[in-house]
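To start, the structure under review is shown below, and the notes come after it.
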Amino acid sequence: MTKDEMIAKLTPAIGDTAYGKALIELLADTFDDADKKYGQDALDRIDDRLGFLKGWEKKHAALG
């Protein structure tokens, strides 16, 4: 997947919120950073964010 393809797929899914726009911008800016500080590319960052959000979703569901 290229950076433009990633942006095109993410924009309709999450681009209508301020958080979504900021996330897309961050992912686009760091798309090819696999060799940088933590060795994460854009897909790794998406997986991290999804894990974080799913964890909080479970916590909130457990609390009612």
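Naming scheme: A, B, ... for chains in displayed order of the structure tokens; residues 1 onward per chain; ligands 1 onward as shown.
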Practice prompt. List every residue of chain A that DSSP, applied to the backbone of this structure, assigns to helix (DSSP H, G or I), and report them as a PyMOL selection string.
Written response: chain A and resi 3-14+18-29+42-63
Discussion item. Neighbouring residues of Ile7 (chain A) were defined as those with any atom within 12 Å, considering only C-alpha atoms; residues of the same chain fewer than 6 positions away were excluded. Please report them as a VMD selection string.
Written reply: chain A and resid 1 13 to 15 20 to 29 31 42
Item to complete: Quote the spacing between CA of Glu5 (chain A) and CA of Trp56 (chain A) in Å to one decimal place.
Response: 28.7 Å
